[in-house]
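A.B. asks: Below is the file entry-v6.tsv, with TSV, C-alpha atoms.
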chain	number	residue	atom	x	y	z
A	25	MET	CA	-94.53	74.19	-304.49
A	26	ASN	CA	-90.73	74.28	-304.54
A	27	ASN	CA	-90.61	74.67	-300.73
A	28	LYS	CA	-92.87	71.65	-300.31
A	29	LEU	CA	-90.62	69.61	-302.60
A	30	ASN	CA	-87.51	70.73	-300.68
A	31	ASN	CA	-89.09	69.67	-297.37
A	32	SER	CA	-90.06	66.27	-298.67
A	33	ARG	CA	-86.48	65.89	-300.00
A	34	LYS	CA	-85.13	66.74	-296.54
A	35	GLY	CA	-87.37	64.02	-295.13
A	36	ILE	CA	-86.10	61.53	-297.67
A	37	ILE	CA	-82.50	62.42	-296.74
A	38	PHE	CA	-83.26	61.90	-293.00
A	39	THR	CA	-84.78	58.50	-293.73
A	40	ILE	CA	-81.98	57.46	-296.09
A	41	ASP	CA	-79.46	58.44	-293.38
A	42	GLY	CA	-81.29	56.28	-290.91
A	43	LEU	CA	-81.46	53.33	-293.27
A	44	LEU	CA	-77.75	53.64	-294.06
A	45	ALA	CA	-76.97	53.67	-290.34
A	46	LEU	CA	-79.15	50.57	-289.85
A	47	THR	CA	-77.29	48.83	-292.68
A	48	PHE	CA	-73.98	49.71	-290.98
A	49	ILE	CA	-75.26	48.28	-287.70
A	50	GLY	CA	-76.37	45.14	-289.51
A	51	ILE	CA	-72.86	44.67	-290.90
A	52	LEU	CA	-71.39	45.31	-287.41
A	53	VAL	CA	-73.68	42.67	-285.90
A	54	ILE	CA	-72.71	40.14	-288.59
A	55	VAL	CA	-68.96	40.82	-288.18
A	56	LEU	CA	-68.97	40.76	-284.38
A	57	GLY	CA	-71.48	37.94	-284.16
A	58	SER	CA	-69.57	35.55	-286.40
A	59	GLN	CA	-67.20	34.37	-283.66
A	60	ALA	CA	-66.56	30.67	-283.04
A	61	ASN	CA	-68.63	29.30	-280.20
A	62	THR	CA	-67.15	28.24	-276.89
A	63	THR	CA	-67.81	24.50	-277.23
A	64	GLU	CA	-64.47	24.11	-279.05
A	65	ILE	CA	-62.57	23.77	-275.77
A	66	GLU	CA	-65.10	21.20	-274.53
A	67	LYS	CA	-64.61	19.23	-277.76
A	68	TYR	CA	-60.82	19.37	-277.33
A	69	GLN	CA	-60.98	18.14	-273.75
A	70	THR	CA	-63.46	15.36	-274.61
A	71	ASN	CA	-61.13	14.25	-277.41
A	72	LYS	CA	-58.21	14.12	-274.96
A	73	LEU	CA	-60.20	12.05	-272.46
A	74	ILE	CA	-61.32	9.58	-275.14
A	75	GLY	CA	-57.65	9.27	-276.17
A	76	ASP	CA	-56.74	8.56	-272.52
A	77	LEU	CA	-59.38	5.86	-272.33
A	78	LEU	CA	-58.02	4.16	-275.45
A	79	ILE	CA	-54.32	4.42	-274.52
A	80	THR	CA	-54.90	3.14	-270.99
A	81	SER	CA	-57.06	0.30	-272.35
A	82	GLN	CA	-54.16	-0.79	-274.50
A	83	GLU	CA	-51.67	-0.50	-271.64
A	84	LEU	CA	-53.94	-2.50	-269.32
A	85	SER	CA	-54.92	-4.94	-272.13
A	86	ILE	CA	-58.63	-4.31	-271.60
A	87	ASP	CA	-60.62	-6.53	-273.93
A	88	ASN	CA	-64.17	-6.37	-272.57
A	89	THR	CA	-66.89	-3.75	-272.40
A	90	PHE	CA	-67.46	-4.24	-268.66
A	91	ASP	CA	-64.03	-2.95	-267.56
A	92	LEU	CA	-64.06	-0.21	-270.17
A	93	GLU	CA	-67.50	0.97	-269.03
A	94	ILE	CA	-66.23	1.38	-265.44
A	95	ASN	CA	-63.35	3.54	-266.71
A	96	TYR	CA	-65.73	5.48	-268.98
A	97	HIS	CA	-67.89	6.39	-265.99
A	98	LYS	CA	-64.82	7.50	-264.02
A	99	LEU	CA	-63.88	9.96	-266.76
A	100	PHE	CA	-67.22	11.04	-268.22
A	101	GLY	CA	-69.71	10.33	-265.44
A	102	GLU	CA	-73.16	9.84	-266.96
A	103	LYS	CA	-72.41	11.58	-270.27
A	104	LYS	CA	-74.20	10.02	-273.23
A	105	GLY	CA	-71.94	7.80	-275.33
A	106	TYR	CA	-71.11	4.30	-276.44
A	107	ILE	CA	-68.34	1.72	-276.21
A	108	ILE	CA	-67.50	-0.97	-278.74
A	109	VAL	CA	-65.03	-3.75	-277.94
A	110	ASN	CA	-64.71	-6.06	-280.94
A	111	LYS	CA	-68.40	-6.82	-281.70
A	112	ASP	CA	-69.88	-5.95	-278.30
A	113	LYS	CA	-71.50	-2.56	-277.99
A	114	ILE	CA	-72.74	-0.78	-274.88
A	115	GLU	CA	-74.65	2.49	-274.96
A	116	ILE	CA	-74.42	4.80	-271.97
A	117	ASN	CA	-77.25	7.13	-270.95
A	118	LYS	CA	-79.03	6.42	-274.23
A	119	GLU	CA	-82.17	8.26	-273.08
A	120	ASP	CA	-80.48	11.68	-273.01
A	121	ASN	CA	-81.79	13.44	-276.11
A	122	THR	CA	-80.15	16.80	-275.37
A	123	LYS	CA	-76.77	15.80	-276.82
A	124	THR	CA	-76.70	15.17	-280.55
A	125	LYS	CA	-73.13	15.80	-281.76
A	126	LEU	CA	-70.63	12.97	-281.50
A	127	ILE	CA	-66.88	12.72	-280.94
A	128	THR	CA	-65.44	9.31	-281.58
A	129	GLN	CA	-62.03	7.60	-281.66
A	130	ARG	CA	-60.99	4.01	-282.27
A	131	ILE	CA	-57.93	1.85	-281.77
A	132	ASN	CA	-56.72	-1.62	-282.77
A	133	TYR	CA	-54.11	-3.40	-280.71
A	134	ILE	CA	-52.71	-6.89	-280.28
A	135	ASN	CA	-53.11	-8.23	-276.74
A	136	ILE	CA	-50.82	-10.63	-274.80
A	137	SER	CA	-52.64	-13.65	-276.24
A	138	ASN	CA	-51.91	-12.36	-279.74
A	139	TYR	CA	-55.53	-11.44	-280.47
A	140	GLU	CA	-56.42	-8.27	-282.28
A	141	ILE	CA	-58.67	-6.07	-280.14
A	142	TYR	CA	-60.78	-3.30	-281.65
A	143	ILE	CA	-61.99	-0.58	-279.31
A	144	GLU	CA	-64.19	2.37	-280.23
A	145	VAL	CA	-65.41	5.04	-277.85
A	146	GLY	CA	-67.95	7.72	-278.74
A	147	VAL	CA	-69.09	10.61	-276.56
A	148	TYR	CA	-71.97	12.96	-277.35
A	149	TYR	CA	-71.76	16.65	-276.55
B	7	MET	CA	-103.79	79.19	-297.47
B	8	ILE	CA	-100.29	80.25	-296.32
B	9	HIS	CA	-101.23	79.13	-292.77
B	10	VAL	CA	-102.19	75.66	-294.00
B	11	LYS	CA	-98.90	75.32	-295.94
B	12	LEU	CA	-96.92	76.24	-292.80
B	13	ILE	CA	-98.76	73.54	-290.79
B	14	GLU	CA	-97.97	70.94	-293.47
B	15	LYS	CA	-94.27	71.94	-293.45
B	16	GLY	CA	-94.17	71.72	-289.66
B	17	GLN	CA	-95.87	68.30	-289.66
B	18	VAL	CA	-93.43	66.92	-292.22
B	19	ILE	CA	-90.40	68.15	-290.24
B	20	VAL	CA	-91.77	66.87	-286.92
B	21	LEU	CA	-92.58	63.47	-288.44
B	22	ASP	CA	-89.12	63.27	-290.01
B	23	LEU	CA	-87.45	64.19	-286.73
B	24	LEU	CA	-89.54	61.64	-284.83
B	25	LEU	CA	-88.64	58.93	-287.34
B	26	LEU	CA	-84.96	59.92	-287.12
B	27	LEU	CA	-85.11	59.89	-283.32
B	28	MET	CA	-86.66	56.41	-283.33
B	29	ILE	CA	-83.99	55.11	-285.71
B	30	VAL	CA	-81.18	56.69	-283.62
B	31	ILE	CA	-82.55	55.10	-280.40
B	32	LEU	CA	-82.85	51.76	-282.15
B	33	ILE	CA	-79.29	52.01	-283.48
B	34	ILE	CA	-77.85	52.93	-280.08
B	35	SER	CA	-79.64	50.05	-278.36
B	36	ILE	CA	-78.50	47.54	-280.99
B	37	GLU	CA	-74.91	48.86	-280.82
B	38	GLU	CA	-74.87	48.66	-277.04
B	39	LYS	CA	-76.14	45.09	-277.08
B	40	THR	CA	-73.68	44.06	-279.80
B	41	ILE	CA	-70.68	45.61	-278.05
B	42	THR	CA	-71.68	44.07	-274.68
B	43	ASN	CA	-71.95	40.63	-276.31
B	44	TYR	CA	-68.60	41.16	-278.03
B	45	LYS	CA	-66.91	42.06	-274.72
B	46	LEU	CA	-68.43	38.97	-273.09
B	47	ASP	CA	-67.23	36.86	-276.00
B	48	ILE	CA	-63.66	38.21	-275.63
B	49	PHE	CA	-63.78	37.43	-271.90
B	50	ASN	CA	-64.96	33.87	-272.62
B	51	ARG	CA	-62.23	33.44	-275.23
B	52	GLU	CA	-59.57	34.52	-272.72
B	53	GLN	CA	-60.95	31.99	-270.26
B	54	ASP	CA	-60.87	29.29	-272.96
B	55	LEU	CA	-57.31	30.19	-273.89
B	56	ASN	CA	-56.30	29.89	-270.27
B	57	LEU	CA	-58.00	26.48	-270.02
B	58	LEU	CA	-56.22	25.40	-273.19
B	59	LYS	CA	-52.82	26.49	-271.79
B	60	GLU	CA	-53.48	24.54	-268.60
B	61	SER	CA	-54.62	21.54	-270.61
B	62	LEU	CA	-51.33	21.57	-272.54
B	63	ILE	CA	-49.37	21.73	-269.27
B	64	VAL	CA	-51.28	18.66	-268.02
B	65	GLU	CA	-50.54	16.92	-271.32
B	66	GLN	CA	-46.84	17.60	-270.75
B	67	LEU	CA	-47.03	16.29	-267.17
B	68	ILE	CA	-48.34	12.89	-268.28
B	69	SER	CA	-46.07	12.64	-271.35
B	70	ASP	CA	-42.72	13.90	-270.05
B	71	CYS	CA	-40.59	11.66	-267.87
B	72	ASN	CA	-39.09	14.73	-266.19
B	73	TYR	CA	-42.51	15.19	-264.62
B	74	LEU	CA	-45.00	12.37	-263.96
B	75	ALA	CA	-44.67	10.04	-266.96
B	76	SER	CA	-43.14	6.68	-266.21
B	77	LEU	CA	-39.68	5.76	-267.51
B	78	ASN	CA	-38.72	2.16	-268.16
B	79	THR	CA	-35.17	2.07	-266.80
B	80	ASN	CA	-34.20	-0.93	-268.95
B	81	THR	CA	-35.44	0.28	-272.31
B	82	LYS	CA	-35.24	4.03	-271.51
B	83	VAL	CA	-38.69	4.39	-273.04
B	84	CYS	CA	-40.97	7.06	-271.61
B	85	TYR	CA	-44.62	5.98	-271.48
B	86	LYS	CA	-47.43	8.48	-271.99
B	87	ASN	CA	-50.38	8.14	-269.59
B	88	LEU	CA	-48.43	5.69	-267.44
B	89	ILE	CA	-47.52	7.74	-264.41
B	90	GLU	CA	-45.57	7.67	-261.18
B	91	ILE	CA	-45.76	10.27	-258.45
B	92	LYS	CA	-42.32	11.87	-258.64
B	93	ASN	CA	-40.63	15.23	-259.14
B	94	ILE	CA	-43.53	16.96	-257.39
B	95	ASN	CA	-41.24	19.88	-256.48
B	96	ASN	CA	-40.28	20.45	-260.12
B	97	LEU	CA	-43.85	21.06	-261.27
B	98	PRO	CA	-44.84	24.49	-262.64
B	99	PRO	CA	-45.59	26.90	-259.77
B	100	ASN	CA	-49.23	27.47	-260.72
B	101	ILE	CA	-50.05	23.81	-260.02
B	102	CYS	CA	-51.55	23.48	-256.56
B	103	LYS	CA	-53.11	20.06	-256.49
B	104	ILE	CA	-52.20	16.59	-257.72
B	105	SER	CA	-54.44	13.66	-256.91
B	106	VAL	CA	-55.11	10.20	-258.31
B	107	ASP	CA	-58.54	8.68	-257.68
B	108	GLY	CA	-59.16	11.20	-254.91
B	109	LYS	CA	-55.88	10.51	-253.07
B	110	LYS	CA	-54.01	13.80	-252.76
B	111	TYR	CA	-50.27	13.92	-253.38
B	112	MET	CA	-50.03	17.69	-253.42
B	113	ASP	CA	-52.41	20.34	-252.10
B	114	THR	CA	-50.84	23.74	-251.60
B	115	GLY	CA	-53.46	26.39	-252.21
B	116	LYS	CA	-56.87	27.45	-253.37
B	117	VAL	CA	-57.62	25.70	-256.64
B	118	ASP	CA	-59.16	27.65	-259.52
B	119	ASN	CA	-59.46	25.03	-262.29
B	120	VAL	CA	-59.16	21.26	-262.13
B	121	HIS	CA	-58.19	19.14	-265.16
B	122	LYS	CA	-59.04	15.46	-265.24
B	123	ARG	CA	-57.05	12.86	-267.21
B	124	GLY	CA	-57.22	9.09	-267.46
B	125	VAL	CA	-53.93	7.42	-266.50
B	126	VAL	CA	-52.44	4.11	-265.45
B	127	TYR	CA	-51.08	4.32	-261.91
B	128	ASN	CA	-49.81	1.28	-259.98
B	129	ASN	CA	-51.00	-0.92	-262.87
B	130	LEU	CA	-54.60	0.24	-262.43
B	131	PHE	CA	-56.74	2.76	-264.27
B	132	GLY	CA	-57.01	6.00	-262.34
B	133	VAL	CA	-58.25	9.55	-262.73
B	134	LEU	CA	-55.47	12.09	-262.38
B	135	GLU	CA	-56.67	15.49	-261.21
B	136	VAL	CA	-54.39	18.48	-261.65
B	137	GLY	CA	-55.51	21.69	-259.94
B	138	PHE	CA	-54.30	25.13	-260.99
B	139	CYS	CA	-54.12	28.14	-258.67
B	140	GLU	CA	-55.49	31.57	-259.55
Please rewrite the model in this file as C-alpha cells.
C.D. replies:
Amino acid sequence: MNNKLNNSRKGIIFTIDGLLALTFIGILVIVLGSQANTTEIEKYQTNKLIGDLLITSQELSIDNTFDLEINYHKLFGEKKGYIIVNKDKIEINKEDNTKTKLITQRINYINISNYEIYIEVGVYY
Amino acid sequence: MIHVKLIEKGQVIVLDLLLLLMIVILIISIEEKTITNYKLDIFNREQDLNLLKESLIVEQLISDCNYLASLNTNTKVCYKNLIEIKNINNLPPNICKISVDGKKYMDTGKVDNVHKRGVVYNNLFGVLEVGFCE
C-alpha cells in the first residue's frame, strides 16, 4: 500500500515538474514576445514626409488641394489618406480598407495675399 | 497478487515517463520557436536602427546649410527643406546617390537603402532621394 502511494507521489512530482516548466516557458514567451512592433519606423518616416509636404506647401504658398494632391502622390504614391486646404477636402485611395490607423499633421500660414491658409494632411498606415 | 501489483507499478511509471517526455518535447519546441522569433526580432530592430540613423543623416542634409539646405546670403537664414545641390564632396562617405525628381547628381556605388524626402528645389516641389551604400 505504501509502495503504491510512493509511486503515485513520484508521478505527481513528475507532472508538477512538467507544469512548472510549462509555466516558466509561458513567462519566457510573454517576456520575449512583448517587444514593440516594427511599424514604429514606418510611422516615423510617414510623419517626416507629412512634415515635408506641409513645410514645402508653405514655402511654395500652395493654397489649393489640386497642387497639394500632386505633391502627395509624388511622396506617398497611392497610399490611403486625405488632404484639407481651408474647407476643401480630398480623399485619396478611399477604397483601401486594409489601412486603418491614421497619422495626421496640420499647419496654418499667412500667404502673400495676407490670407490665412489651413492645411491638414492625413496618411493611413 | 504480487505479479498484478508489479504490473500496476510498471504502468504508472511508464505513463509518468511518457507524460514527462511529451511535456519535455513540447517545452523544447516552444523554446526553440520563441528563441528563433526573438533572434529575428533583434535582427529587425538592428535594421530599423540603421534606417533611423540614415533618416537622421538625411534630415541633417536638408536642414544644414553646410550640406544641401539653402542659405539666404542677405539674411544669413538657413532654410529647411529648401535645397541647392552643393557641397556634394563633403557628404558622409556612406551616401552613394543624390537625385531630385529622378535627375541624378551623385551616383557612386551600389545603393542599399533609399530615403525619400519632399523638398523645394529651383522653386518647385521635388522628391529628394538619398541612397546609402552597404
A.B. asks: Can you measure atom CA of B:Tyr85 to atom CA of A:Ile86 for me? One decimal in Å is fine.
C.D. replies: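 Computing the Euclidean distance for atom CA of B:Tyr85 and atom CA of A:Ile86 yields 17.4 Å.
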A.B. asks: Specify as a PDB file with C-alpha atoms, in the frame of the given file all residues of chain B found within 8 Å of chain A, counting all atoms listed in the file.
C.D. replies:
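So iface06.pdb came out as:
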ATOM      1  CA  LYS B  15     -94.270  71.940-293.450  1.00  0.00           C
ATOM      2  CA  VAL B  18     -93.430  66.920-292.220  1.00  0.00           C
ATOM      3  CA  ILE B  19     -90.400  68.150-290.240  1.00  0.00           C
ATOM      4  CA  ASP B  22     -89.120  63.270-290.010  1.00  0.00           C
ATOM      5  CA  LEU B  23     -87.450  64.190-286.730  1.00  0.00           C
ATOM      6  CA  LEU B  25     -88.640  58.930-287.340  1.00  0.00           C
ATOM      7  CA  LEU B  26     -84.960  59.920-287.120  1.00  0.00           C
ATOM      8  CA  ILE B  29     -83.990  55.110-285.710  1.00  0.00           C
ATOM      9  CA  VAL B  30     -81.180  56.690-283.620  1.00  0.00           C
ATOM     10  CA  ILE B  33     -79.290  52.010-283.480  1.00  0.00           C
ATOM     11  CA  ILE B  36     -78.500  47.540-280.990  1.00  0.00           C
ATOM     12  CA  GLU B  37     -74.910  48.860-280.820  1.00  0.00           C
ATOM     13  CA  THR B  40     -73.680  44.060-279.800  1.00  0.00           C
ATOM     14  CA  TYR B  44     -68.600  41.160-278.030  1.00  0.00           C
ATOM     15  CA  ASN B  50     -64.960  33.870-272.620  1.00  0.00           C
ATOM     16  CA  ARG B  51     -62.230  33.440-275.230  1.00  0.00           C
ATOM     17  CA  ASP B  54     -60.870  29.290-272.960  1.00  0.00           C
ATOM     18  CA  LEU B  57     -58.000  26.480-270.020  1.00  0.00           C
ATOM     19  CA  LEU B  58     -56.220  25.400-273.190  1.00  0.00           C
ATOM     20  CA  SER B  61     -54.620  21.540-270.610  1.00  0.00           C
ATOM     21  CA  ASN B  87     -50.380   8.140-269.590  1.00  0.00           C
ATOM     22  CA  LEU B  88     -48.430   5.690-267.440  1.00  0.00           C
ATOM     23  CA  LYS B 122     -59.040  15.460-265.240  1.00  0.00           C
ATOM     24  CA  ARG B 123     -57.050  12.860-267.210  1.00  0.00           C
ATOM     25  CA  GLY B 124     -57.220   9.090-267.460  1.00  0.00           C
ATOM     26  CA  VAL B 125     -53.930   7.420-266.500  1.00  0.00           C
ATOM     27  CA  VAL B 126     -52.440   4.110-265.450  1.00  0.00           C
ATOM     28  CA  ASN B 129     -51.000  -0.920-262.870  1.00  0.00           C
ATOM     29  CA  LEU B 130     -54.600   0.240-262.430  1.00  0.00           C
ATOM     30  CA  PHE B 131     -56.740   2.760-264.270  1.00  0.00           C
ATOM     31  CA  VAL B 133     -58.250   9.550-262.730  1.00  0.00           C
TER      32      VAL B 133
END
A.B. asks: Please indicate the distance in Å from atom CA of A:Glu93 to atom CA of A:Glu115, rounded to one decimal place.
C.D. replies: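 Result for atom CA of A:Glu93 versus atom CA of A:Glu115: 9.4 Å, one decimal.
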A.B. asks: Do you have the atom CA of B:Gly115-atom CA of B:Glu65 distance handy?
C.D. replies: 21.5 Å
A.B. asks: For each of A:Ile134, A:Thr89, A:Lys125, A:Tyr142, take the minimum atom-to-atom distance to A:Asn110, counting all atoms listed in the file, then give the residue where this is smallest.
C.D. replies: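 Closest residue, counting all atoms listed in the file: A:Tyr142.
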A.B. asks: Residues near stretch 95-107 of chain B, anyone? I mean within 6 Å using only C-alpha atoms, not counting same-chain ones fewer than 6 positions away, as number ranges by chain.
C.D. replies: B: 113-115, 132-139
A.B. asks: For stretch 64-100 of chain A, where the input has fewer atoms than it should, I would like N, CA and C atoms rebuilt and written as a JSON list (two decimals), in the frame of the given file.
C.D. replies:
[["chain", "number", "residue", "atom", "x", "y", "z"],
["A", 64, "GLU", "N", -65.71, 24.66, -278.48],
["A", 64, "GLU", "CA", -64.47, 24.11, -279.05],
["A", 64, "GLU", "C", -63.57, 23.52, -277.97],
["A", 65, "ILE", "N", -63.45, 24.24, -276.85],
["A", 65, "ILE", "CA", -62.57, 23.77, -275.77],
["A", 65, "ILE", "C", -63.13, 22.49, -275.16],
["A", 66, "GLU", "N", -64.47, 22.41, -275.07],
["A", 66, "GLU", "CA", -65.10, 21.20, -274.53],
["A", 66, "GLU", "C", -64.82, 20.01, -275.46],
["A", 67, "LYS", "N", -64.89, 20.28, -276.77],
["A", 67, "LYS", "CA", -64.61, 19.23, -277.76],
["A", 67, "LYS", "C", -63.17, 18.73, -277.62],
["A", 68, "TYR", "N", -62.25, 19.70, -277.47],
["A", 68, "TYR", "CA", -60.82, 19.37, -277.33],
["A", 68, "TYR", "C", -60.59, 18.49, -276.11],
["A", 69, "GLN", "N", -61.20, 18.89, -274.98],
["A", 69, "GLN", "CA", -60.98, 18.14, -273.75],
["A", 69, "GLN", "C", -61.63, 16.75, -273.82],
["A", 70, "THR", "N", -62.81, 16.67, -274.45],
["A", 70, "THR", "CA", -63.46, 15.36, -274.61],
["A", 70, "THR", "C", -62.59, 14.45, -275.47],
["A", 71, "ASN", "N", -62.02, 15.01, -276.54],
["A", 71, "ASN", "CA", -61.13, 14.25, -277.41],
["A", 71, "ASN", "C", -59.94, 13.68, -276.63],
["A", 72, "LYS", "N", -59.36, 14.54, -275.76],
["A", 72, "LYS", "CA", -58.21, 14.12, -274.96],
["A", 72, "LYS", "C", -58.60, 12.97, -274.05],
["A", 73, "LEU", "N", -59.77, 13.08, -273.41],
["A", 73, "LEU", "CA", -60.20, 12.05, -272.46],
["A", 73, "LEU", "C", -60.49, 10.73, -273.17],
["A", 74, "ILE", "N", -61.08, 10.81, -274.38],
["A", 74, "ILE", "CA", -61.32, 9.58, -275.14],
["A", 74, "ILE", "C", -59.97, 8.93, -275.48],
["A", 75, "GLY", "N", -59.00, 9.76, -275.88],
["A", 75, "GLY", "CA", -57.65, 9.27, -276.17],
["A", 75, "GLY", "C", -57.05, 8.56, -274.95],
["A", 76, "ASP", "N", -57.24, 9.17, -273.77],
["A", 76, "ASP", "CA", -56.74, 8.56, -272.52],
["A", 76, "ASP", "C", -57.35, 7.19, -272.31],
["A", 77, "LEU", "N", -58.67, 7.13, -272.54],
["A", 77, "LEU", "CA", -59.38, 5.86, -272.33],
["A", 77, "LEU", "C", -58.83, 4.77, -273.24],
["A", 78, "LEU", "N", -58.53, 5.15, -274.49],
["A", 78, "LEU", "CA", -58.02, 4.16, -275.45],
["A", 78, "LEU", "C", -56.59, 3.74, -275.13],
["A", 79, "ILE", "N", -55.73, 4.73, -274.82],
["A", 79, "ILE", "CA", -54.32, 4.42, -274.52],
["A", 79, "ILE", "C", -54.22, 3.54, -273.27],
["A", 80, "THR", "N", -54.98, 3.92, -272.24],
["A", 80, "THR", "CA", -54.90, 3.14, -270.99],
["A", 80, "THR", "C", -55.48, 1.73, -271.20],
["A", 81, "SER", "N", -56.49, 1.62, -272.07],
["A", 81, "SER", "CA", -57.06, 0.30, -272.35],
["A", 81, "SER", "C", -56.02, -0.60, -272.99],
["A", 82, "GLN", "N", -55.22, -0.01, -273.86],
["A", 82, "GLN", "CA", -54.16, -0.79, -274.50],
["A", 82, "GLN", "C", -53.09, -1.18, -273.48],
["A", 83, "GLU", "N", -52.71, -0.22, -272.63],
["A", 83, "GLU", "CA", -51.67, -0.50, -271.64],
["A", 83, "GLU", "C", -52.13, -1.56, -270.63],
["A", 84, "LEU", "N", -53.41, -1.54, -270.30],
["A", 84, "LEU", "CA", -53.94, -2.50, -269.32],
["A", 84, "LEU", "C", -54.52, -3.75, -269.99],
["A", 85, "SER", "N", -54.38, -3.82, -271.33],
["A", 85, "SER", "CA", -54.92, -4.94, -272.13],
["A", 85, "SER", "C", -56.39, -5.19, -271.85],
["A", 86, "ILE", "N", -57.18, -4.15, -271.82],
["A", 86, "ILE", "CA", -58.63, -4.31, -271.60],
["A", 86, "ILE", "C", -59.25, -4.85, -272.88],
["A", 87, "ASP", "N", -60.01, -5.93, -272.73],
["A", 87, "ASP", "CA", -60.62, -6.53, -273.93],
["A", 87, "ASP", "C", -62.10, -6.85, -273.73],
["A", 88, "ASN", "N", -62.73, -6.15, -272.76],
["A", 88, "ASN", "CA", -64.17, -6.37, -272.57],
["A", 88, "ASN", "C", -64.87, -5.05, -272.24],
["A", 89, "THR", "N", -66.14, -5.00, -272.58],
["A", 89, "THR", "CA", -66.89, -3.75, -272.40],
["A", 89, "THR", "C", -67.13, -3.43, -270.93],
["A", 90, "PHE", "N", -67.18, -4.46, -270.09],
["A", 90, "PHE", "CA", -67.46, -4.24, -268.66],
["A", 90, "PHE", "C", -66.40, -3.35, -268.00],
["A", 91, "ASP", "N", -65.12, -3.73, -268.17],
["A", 91, "ASP", "CA", -64.03, -2.95, -267.56],
["A", 91, "ASP", "C", -63.96, -1.55, -268.17],
["A", 92, "LEU", "N", -64.16, -1.50, -269.49],
["A", 92, "LEU", "CA", -64.06, -0.21, -270.17],
["A", 92, "LEU", "C", -65.20, 0.73, -269.73],
["A", 93, "GLU", "N", -66.37, 0.14, -269.47],
["A", 93, "GLU", "CA", -67.50, 0.97, -269.03],
["A", 93, "GLU", "C", -67.21, 1.60, -267.66],
["A", 94, "ILE", "N", -66.58, 0.84, -266.78],
["A", 94, "ILE", "CA", -66.23, 1.38, -265.44],
["A", 94, "ILE", "C", -65.31, 2.59, -265.61],
["A", 95, "ASN", "N", -64.30, 2.43, -266.48],
["A", 95, "ASN", "CA", -63.35, 3.54, -266.71],
["A", 95, "ASN", "C", -64.04, 4.73, -267.38],
["A", 96, "TYR", "N", -64.97, 4.41, -268.30],
["A", 96, "TYR", "CA", -65.73, 5.48, -268.98],
["A", 96, "TYR", "C", -66.47, 6.33, -267.95],
["A", 97, "HIS", "N", -67.13, 5.66, -267.01],
["A", 97, "HIS", "CA", -67.89, 6.39, -265.99],
["A", 97, "HIS", "C", -66.97, 7.23, -265.10],
["A", 98, "LYS", "N", -65.76, 6.72, -264.84],
["A", 98, "LYS", "CA", -64.82, 7.50, -264.02],
["A", 98, "LYS", "C", -64.44, 8.81, -264.70],
["A", 99, "LEU", "N", -64.31, 8.76, -266.03],
["A", 99, "LEU", "CA", -63.88, 9.96, -266.76],
["A", 99, "LEU", "C", -65.05, 10.85, -267.19],
["A", 100, "PHE", "N", -66.13, 10.24, -267.64],
["A", 100, "PHE", "CA", -67.22, 11.04, -268.22],
["A", 100, "PHE", "C", -68.49, 11.08, -267.37]]
